[in-house]
Amino acid sequence: MRAFIFPGQGSQAVGMGQAIADASPAARAVFEEVDEAIGQSLYRLMTQGPAETLMLTEHAQPAIMANAMATLALLTREGGVRLADKAAFVAGHSLGEYTALCAAESIDLSTTARLLKIRGQAMQAAVPVGEGAMAVLLGVDFETAMAIADEAAQGEVCQAANDNGGGQVVVSGHAAAIDRAIAIAKDRGHKRSMKLQVSAPFHCALMEPAAHIMNGALGETRVDAPLIPLYANVTAAPVTDPDTIRELLVRQVTGTVRWRESVEAMVAAGMTQVVEIGAKVLGPMVKRIAPDVGVTSVVTMDDVDALLKDL
C-alpha cells in the first residue's frame, strides 16, 4: 500500500516550480489558477524572489502548495495517474495537510490557495514579531520533549509543536520560554538543540487568534469527502468526514503535528511505500521513523518520469 505525502513550511526556495512550469502546460495552469485565486503574482515571486519575501508565511504557504499541486498535475493530467488507484492514503505536514486534501479532491485548488493565504496572514498576525519562537530539540523522544516544555513554561506558553520522529521534536511558544527549553535540554545532554529561523510560533496556544479566523473561513468552505483517507496531524488517524476535516484543520493551528504517530499508524494500516510530492523533506523523516518503508521524493521532471515508470 502506498501513501502520497505533502511538505510543510520551510521547503520554499526561489526558483521553485520554474522547471516544471517550463516543461508542462498542466503545471503552468496550476500556477495561473493559484495566482488568479489569491490576486497576486505568486508564481513570479516563487521564481524570481526575493527570498525574504517568499519566506513570509502568507506567501510561503500557498507557494509550497502550488508547487506540489503543479508537480502532481504532471502525474495526473499528463501522466494519466489517478490518485485513488495508486495510493491508499494521503497526509501532509502542517500546511501540507491542505495540499493533501486538495490532491484527494476534498477542497478545490482555488479554495485551497485562498485558505492558505488567509491561514498564513492569520498565523503571522497572531503574535507580535519577537514575542514568540520555535526550537528543535534533537536526540529526544516526544515524552522527554513535553517534559522539557512543561518545565520551561514557567507561566508562559511552551508546547511540543511537531513530533517529527527520529529524535527530533520542535517546541513553540513565548521566546523566553523557548530559550529556557533549549537551556534545559542542553543541561540534560541534548547539546544540538537550537532555535529555528521562523516568523511566528506555530502550533501552540499563541496561535489561538489564527484558529478563530480559520474556524470562520473553513465554516464557509465546501469540503467534500476525500477520494482516499487523510491521516490528520492532530489525531494521527484516518478521516474522511467533511465536518470532521474542518474541525481538525482548526485544531491543527494550535495543536501538535503528530507526524511520527501518523507514519506509524499508516504503516500499521499496511503502508509500505510513500511518495513525497514537491520536496525532499518528509521522505527522510519517514525513513527515520519506518526504515523498511520505500520512499520516493518527486521534485524534478526526471523524478516524475521515474515515478511514472514505477506506478
# chains A, B, ... in the order shown; residues from 1 in each chain; ligands from 1
$ closest_atom_pairs --of "region 131-238 of chain A" --to "region 108-121 of chain A" --cutoff "9 Å" --atoms "only C-alpha atoms" --output "Markdown table"
| residue | atom | partner | partner_atom | distance |
| --- | --- | --- | --- | --- |
| A:Ala210 | CA | A:Arg119 | CA | 7.0 |
| A:Ala211 | CA | A:Arg119 | CA | 8.6 |
| A:Ile213 | CA | A:Arg119 | CA | 7.9 |
| A:Met214 | CA | A:Arg119 | CA | 6.5 |
| A:Ala217 | CA | A:Leu115 | CA | 7.2 |
| A:Leu218 | CA | A:Leu115 | CA | 7.8 |
| A:Thr221 | CA | A:Thr111 | CA | 7.7 |
| A:Arg222 | CA | A:Thr111 | CA | 8.6 |
| A:Val223 | CA | A:Asp108 | CA | 8.5 |
$ write_last_selection --atoms "C-alpha atoms" --output "CSV table (one decimal), in the first residue's frame"
chain,number,residue,atom,x,y,z
A,210,ALA,CA,-5.4,32.4,13.9
A,211,ALA,CA,-7.5,29.3,14.9
A,213,ILE,CA,-10.0,33.1,11.9
A,214,MET,CA,-9.6,29.7,10.3
A,217,ALA,CA,-13.0,30.7,6.9
A,218,LEU,CA,-13.5,26.9,7.0
A,221,THR,CA,-15.8,26.4,2.7
A,222,ARG,CA,-17.1,23.5,0.8
A,223,VAL,CA,-15.3,20.4,1.9
$ residues_around --residues "Val140 (chain A)" --least-positions-apart "2" --cutoff "10 Å" --atoms "only C-alpha atoms" --output "ChimeraX atom specification"
/A:136-138,142-146,148,165-169,185,189-190,193
$ residues_around --residues "Arg28 (chain A)" --least-positions-apart "3" --cutoff "12 Å" --atoms "only C-alpha atoms" --output "ChimeraX atom specification"
/A:17-25,31-35,43-44,66-67,69-74,77
$ write_last_selection --atoms "C-alpha atoms" --output "CSV table (one decimal), in the first residue's frame"
chain,number,residue,atom,x,y,z
A,17,GLY,CA,8.3,25.4,-9.9
A,18,GLN,CA,10.0,27.0,-12.8
A,19,ALA,CA,11.4,23.9,-14.4
A,20,ILE,CA,8.1,22.0,-14.3
A,21,ALA,CA,6.2,25.0,-15.5
A,22,ASP,CA,8.5,25.4,-18.4
A,23,ALA,CA,8.1,21.8,-19.3
A,24,SER,CA,4.4,21.3,-18.7
A,25,PRO,CA,1.2,23.1,-19.6
A,31,PHE,CA,0.3,28.3,-11.1
A,32,GLU,CA,-2.0,30.5,-13.1
A,33,GLU,CA,-5.1,29.3,-11.2
A,34,VAL,CA,-3.4,30.0,-7.9
A,35,ASP,CA,-2.3,33.5,-8.9
A,43,TYR,CA,4.5,32.4,-9.4
A,44,ARG,CA,6.7,35.4,-10.2
A,66,ALA,CA,1.1,25.4,-5.6
A,67,ASN,CA,4.4,23.8,-6.3
A,69,MET,CA,0.0,20.5,-6.9
A,70,ALA,CA,1.8,21.6,-10.1
A,71,THR,CA,4.1,18.6,-9.7
A,72,LEU,CA,1.1,16.3,-9.1
A,73,ALA,CA,-0.6,17.7,-12.2
A,74,LEU,CA,2.3,16.2,-14.2
A,77,ARG,CA,-3.2,15.4,-16.0
$ residues_around --residues "region 89-99 of chain A" --least-positions-apart "6" --cutoff "6 Å" --atoms "only C-alpha atoms" --output "list of chain:residue names"
A:Ala3, A:Phe4, A:Ile5, A:Phe6, A:Pro7, A:Gly8, A:Met65, A:Ile228, A:Pro229, A:Leu230, A:Tyr231
$ write_last_selection --atoms "C-alpha atoms" --output "tab-separated table (two decimals), in the first residue's frame"
chain	number	residue	atom	x	y	z
A	3	ALA	CA	0.66	6.96	0.63
A	4	PHE	CA	1.18	10.31	-1.08
A	5	ILE	CA	2.55	12.91	1.33
A	6	PHE	CA	2.99	16.68	1.07
A	7	PRO	CA	5.55	19.02	2.69
A	8	GLY	CA	5.07	21.92	5.08
A	65	MET	CA	1.03	24.04	-2.01
A	228	ILE	CA	-8.89	8.36	-0.05
A	229	PRO	CA	-8.50	8.86	3.72
A	230	LEU	CA	-6.37	11.65	5.14
A	231	TYR	CA	-4.20	10.85	8.16
$ atom_distance --atom1 "CA of Leu56 (chain A)" --atom2 "CA of Lys280 (chain A)"
20.6 Å
$ residues_around --residues "region 236-247 of chain A" --least-positions-apart "3" --cutoff "8 Å" --atoms "only C-alpha atoms" --output "PyMOL selection string"
chain A and resi 215+218-219+223-226+228-233+250-251+258-259+261-263+265
$ closest_residue --among "A:Ala125, A:Val14, A:Ala175, A:Val170" --to "Asp141 (chain A)" --atoms "only C-alpha atoms"
A:Val170
$ residues_around --residues "Ala181 (chain A)" --least-positions-apart "3" --cutoff "9 Å" --atoms "only C-alpha atoms" --output "PyMOL selection string"
chain A and resi 135+137+145+148-153+158+171+176-178+184-186+193
$ closest_residue --among "A:Ala122, A:Ala160, A:Val299, A:Val293" --to "Val281 (chain A)" --atoms "only C-alpha atoms"
A:Val299
$ select_by_dssp --residues "region 107-257 of chain A" --states "helix (DSSP H, G or I)" --output "count of residues only"
70
$ atom_distance --atom1 "CA of Ala87 (chain A)" --atom2 "CA of Arg2 (chain A)"
4.7 Å
$ atom_distance --atom1 "CA of Ala60 (chain A)" --atom2 "CA of Gly294 (chain A)"
28.3 Å
$ closest_residue --among "A:Ala100, A:Gly173, A:Gln40, A:Gly139" --to "Gly155 (chain A)" --atoms "only C-alpha atoms"
A:Gly173
$ residues_around --residues "Met134 (chain A)" --least-positions-apart "5" --cutoff "6 Å" --atoms "only C-alpha atoms" --output "ChimeraX atom specification"
/A:171-172,195-196,201
$ closest_residue --among "A:Gln252, A:Ser297, A:Thr47, A:Thr53" --to "Ala205 (chain A)" --atoms "only C-alpha atoms"
A:Gln252
$ select_by_dssp --residues "region 16-265 of chain A" --states "strand (DSSP E or B)" --output "MDAnalysis selection string"
chainID A and resid 89:92 132:138 158:165 168:174 194:195 230:231 238:239 257
$ decode --residues "region 191-262 of chain A" --atoms "C-alpha atoms" --output "mmCIF file, in the first residue's frame"
data_model
loop_
_atom_site.group_PDB
_atom_site.id
_atom_site.type_symbol
_atom_site.label_atom_id
_atom_site.label_comp_id
_atom_site.auth_asym_id
_atom_site.auth_seq_id
_atom_site.Cartn_x
_atom_site.Cartn_y
_atom_site.Cartn_z
ATOM 1 C CA LYS A 191 23.597 19.644 23.023
ATOM 2 C CA ARG A 192 22.246 20.042 19.481
ATOM 3 C CA SER A 193 19.031 21.800 20.453
ATOM 4 C CA MET A 194 18.694 25.142 18.656
ATOM 5 C CA LYS A 195 16.304 27.963 17.842
ATOM 6 C CA LEU A 196 14.694 27.937 14.393
ATOM 7 C CA GLN A 197 14.551 30.878 11.985
ATOM 8 C CA VAL A 198 10.775 31.242 11.782
ATOM 9 C CA SER A 199 8.493 34.254 11.668
ATOM 10 C CA ALA A 200 5.994 33.075 14.304
ATOM 11 C CA PRO A 201 5.486 30.374 16.977
ATOM 12 C CA PHE A 202 3.340 27.907 15.058
ATOM 13 C CA HIS A 203 1.279 25.041 16.524
ATOM 14 C CA CYS A 204 0.934 26.349 20.058
ATOM 15 C CA ALA A 205 -1.682 28.169 22.128
ATOM 16 C CA LEU A 206 -0.359 31.560 20.988
ATOM 17 C CA MET A 207 -1.955 30.794 17.609
ATOM 18 C CA GLU A 208 -5.472 30.861 19.065
ATOM 19 C CA PRO A 209 -6.388 34.119 17.211
ATOM 20 C CA ALA A 210 -5.445 32.408 13.946
ATOM 21 C CA ALA A 211 -7.506 29.335 14.867
ATOM 22 C CA HIS A 212 -10.529 31.595 15.363
ATOM 23 C CA ILE A 213 -10.044 33.124 11.899
ATOM 24 C CA MET A 214 -9.636 29.699 10.299
ATOM 25 C CA ASN A 215 -12.771 28.462 12.029
ATOM 26 C CA GLY A 216 -14.701 31.211 10.289
ATOM 27 C CA ALA A 217 -13.038 30.651 6.923
ATOM 28 C CA LEU A 218 -13.465 26.875 6.988
ATOM 29 C CA GLY A 219 -17.058 27.216 8.124
ATOM 30 C CA GLU A 220 -17.820 28.907 4.819
ATOM 31 C CA THR A 221 -15.779 26.426 2.750
ATOM 32 C CA ARG A 222 -17.115 23.500 0.772
ATOM 33 C CA VAL A 223 -15.293 20.372 1.876
ATOM 34 C CA ASP A 224 -16.058 17.064 0.179
ATOM 35 C CA ALA A 225 -15.103 13.598 1.358
ATOM 36 C CA PRO A 226 -11.577 12.921 0.042
ATOM 37 C CA LEU A 227 -11.102 10.199 -2.539
ATOM 38 C CA ILE A 228 -8.892 8.360 -0.048
ATOM 39 C CA PRO A 229 -8.497 8.856 3.721
ATOM 40 C CA LEU A 230 -6.366 11.649 5.137
ATOM 41 C CA TYR A 231 -4.204 10.848 8.160
ATOM 42 C CA ALA A 232 -4.756 14.013 10.196
ATOM 43 C CA ASN A 233 -1.945 15.825 12.008
ATOM 44 C CA VAL A 234 -3.715 16.275 15.322
ATOM 45 C CA THR A 235 -5.132 12.753 15.662
ATOM 46 C CA ALA A 236 -2.682 10.619 13.645
ATOM 47 C CA ALA A 237 -5.771 8.760 12.435
ATOM 48 C CA PRO A 238 -7.655 8.490 9.128
ATOM 49 C CA VAL A 239 -10.535 10.843 8.411
ATOM 50 C CA THR A 240 -12.972 11.236 5.523
ATOM 51 C CA ASP A 241 -15.954 13.082 7.040
ATOM 52 C CA PRO A 242 -16.055 16.718 5.791
ATOM 53 C CA ASP A 243 -17.250 18.228 9.074
ATOM 54 C CA THR A 244 -14.555 16.388 10.997
ATOM 55 C CA ILE A 245 -11.945 17.549 8.499
ATOM 56 C CA ARG A 246 -12.946 21.169 9.103
ATOM 57 C CA GLU A 247 -12.746 20.683 12.860
ATOM 58 C CA LEU A 248 -9.320 19.052 12.691
ATOM 59 C CA LEU A 249 -7.921 21.777 10.418
ATOM 60 C CA VAL A 250 -8.939 24.358 13.013
ATOM 61 C CA ARG A 251 -7.445 22.311 15.853
ATOM 62 C CA GLN A 252 -4.245 21.908 13.847
ATOM 63 C CA VAL A 253 -3.443 25.641 14.098
ATOM 64 C CA THR A 254 -2.738 25.357 17.836
ATOM 65 C CA GLY A 255 -2.203 21.595 18.076
ATOM 66 C CA THR A 256 0.795 19.315 17.749
ATOM 67 C CA VAL A 257 1.703 17.934 14.334
ATOM 68 C CA ARG A 258 1.863 14.249 15.257
ATOM 69 C CA TRP A 259 3.908 13.218 12.242
ATOM 70 C CA ARG A 260 5.748 10.288 13.841
ATOM 71 C CA GLU A 261 2.495 8.765 15.037
ATOM 72 C CA SER A 262 0.844 9.388 11.656
#
